[in-house]
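Asker: Attaching a single structure in structure tokens format; questions to follow.
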Amino acid sequence: MPDTKRKIILSGMRPTGKLHLGHFTGALENWVGLQSEYRNYHLVADYHALTTNLDTSMLHENTIDMVIDWLAAGIDPVESPVFRQSMVKEHTELFLLFSMLVTRNRLERNPTLKEQARDLHIESDNLVYGHLGYPVLQASDILLYRANAVPVGEDQLSNVEITREIARRFNREYGEVFPEPEPRLTVFKRLPGLDGADRKMSKSLGNTVLLADTPAEVDAKMRKAVTDPQKLRKNDPGRPDVCLVFTYHQKFNPAETGEIREGCESGALGCVDCKKRCAARISEFLAPHLERRAALEQDRPLVEDILVDGENRARAAARDTMGAVRTAMKLG
Ligand code: TRP
């Protein structure tokens with residue numbers, strides 16, 4: 001029996017394939033931590049992926065690769081349905097109804113969209129209708145499960161705000177159907193990518209450590225990481241607070257940060273050694289993940305079954321909400 005007292009969380013990610021350390025610290029870790037306290041729904045936002053990439057040839061494989069990382073990180077699919085947005089048709093239905101409740105102007109002012117358009121060099125005349133409506137689809141993801149909370153990074157706050165506005169607008173117009181979901185910010189800020197402290201880790205920037213990387217791969221990638229540009233020689237004093245390798249130490253090697261800071265600042269610790277130690281800690285951290293990941297890789301049909309099961313359960317909840325929506329709106 002589903003536990004009806006626990007509050008509901010909806011978390012989602014676009015299927016971009018294998019995940020990296022930034023996904024872990026920025027999202028997954030948070031999801032796993034919230035599992036026992038809430039009823040969770042974990043959504044693969046495959047429709048959302050189409051807003052920036054029409055090529056669907058890798059969509060399925062990317063979905064399975066990503067879900068393997070979710071499961072290996074500790075998402076329990078028995079407790080919490082894991083499912084694809086495109087397999088629960090109610091998302092599109094609610095998306096259409098919600099699209100009547102938000103103005104074009106509101107969507108054009110959305111800072112997340114503006115930032116994305118800038119990063120991807122999309123001129124406003126070339127922005128597709130579905131991309132403008134991205135947060136409306138996201139609102140349907142969240143509210144279809146009547147979620148009370150949404151774990152997100154800072155970059156998603158404006159999308160959650162639009163969800164809250166849509167919920168309020170619907171409730172005012174047709175009666176109380178939806179809760180106003182709260183954003184749950186991740187505790188640890190997003191990890192910088194290997195190419196510099198001010199760029200986040202991102203596959204399209206090619207500056208990632210994947211959760212699937214072997215110790216040799218982690219080592220090779222860390223060797224190329226950018227450090228404090230003022231520390232040119234081993235014995236030059238460095239500034240840990242501007243060095244991204246130090247940020248990684250803080251996350252994956254907390255016990256030794258004091259010693260690393262001292263060594264870096266005094267010049268006793270060179271960047272090559274510092275990076276080696278960091279790579280070793282990251283690989284230790286990833287070892288159990290790699291092992292669980294490898295087992296799931298061997299059984300991709302099991303992962304497909306997990307999705308189908310999750311979709312059946314998500315669909316039941318979604319139908320229930322759509323029933324309430326139709327009644328409230330006196331449709332049909
Ligand atoms: N927009 C989110 C991202 O890019 C992905 C997403 C889609 C999502 N639907 C969601 C996140 C619903 C939270 C809730 O990261």
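Chains: A, B, ... in order of the structure tokens. Residues: from 1 per chain. Ligands: from 1, in order shown.
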Which residues form the shell of 6 Å around ligand 1 when you count only C-alpha atoms and all ligand atoms, given as a VMD selection string?
Answerer: chain A and resid 10 to 14 45 138 141 to 142 150
Asker: Write down as an MDAnalysis selection string the residues belonging to stretch 141-315 of chain A that are assigned alpha helix (DSSP H) by DSSP computed on the backbone.
Answerer: chainID A and resid 141:143 157:174 215:223 244:252 257:266 271:297 300:315
Asker: Between atom CA of A:Ala328 and atom CA of A:Tyr174, measure the distance and give it in Å to one decimal.
Answerer: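 So the answer is 5.5 Å.
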Asker: If you count only C-alpha atoms, which residues fall within 9 Å of A:Phe83, apart from same-chain ones fewer than 4 positions away, as a list in words?
Answerer: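 My reading of the contact set: Tyr41, His42, Leu43, Val44, Ala45, Met87, Val88, Ile306, Leu307, Val308, Asp309, Gly310, Glu311, Asn312, Arg313 and Ala314 of chain A.
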Asker: Of the residues A:Pro77, A:Gly33, A:Gly17, A:Pro183, which is the one nearest to A:Glu304, using only C-alpha atoms?
Answerer: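 Between A:Pro77, A:Gly33, A:Gly17, A:Pro183, the residue approaching A:Glu304 most closely is A:Pro77.
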Asker: One number please: atom CA of A:Glu90 to atom CA of A:Thr327, in Å, one decimal.
Answerer: 15.1 Å
Asker: Would you work out the distance separating atom CA of A:Ala167 from atom CA of A:Glu108, expressed in Å to one decimal?
Answerer: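 Those two atoms sit 19.0 Å apart.
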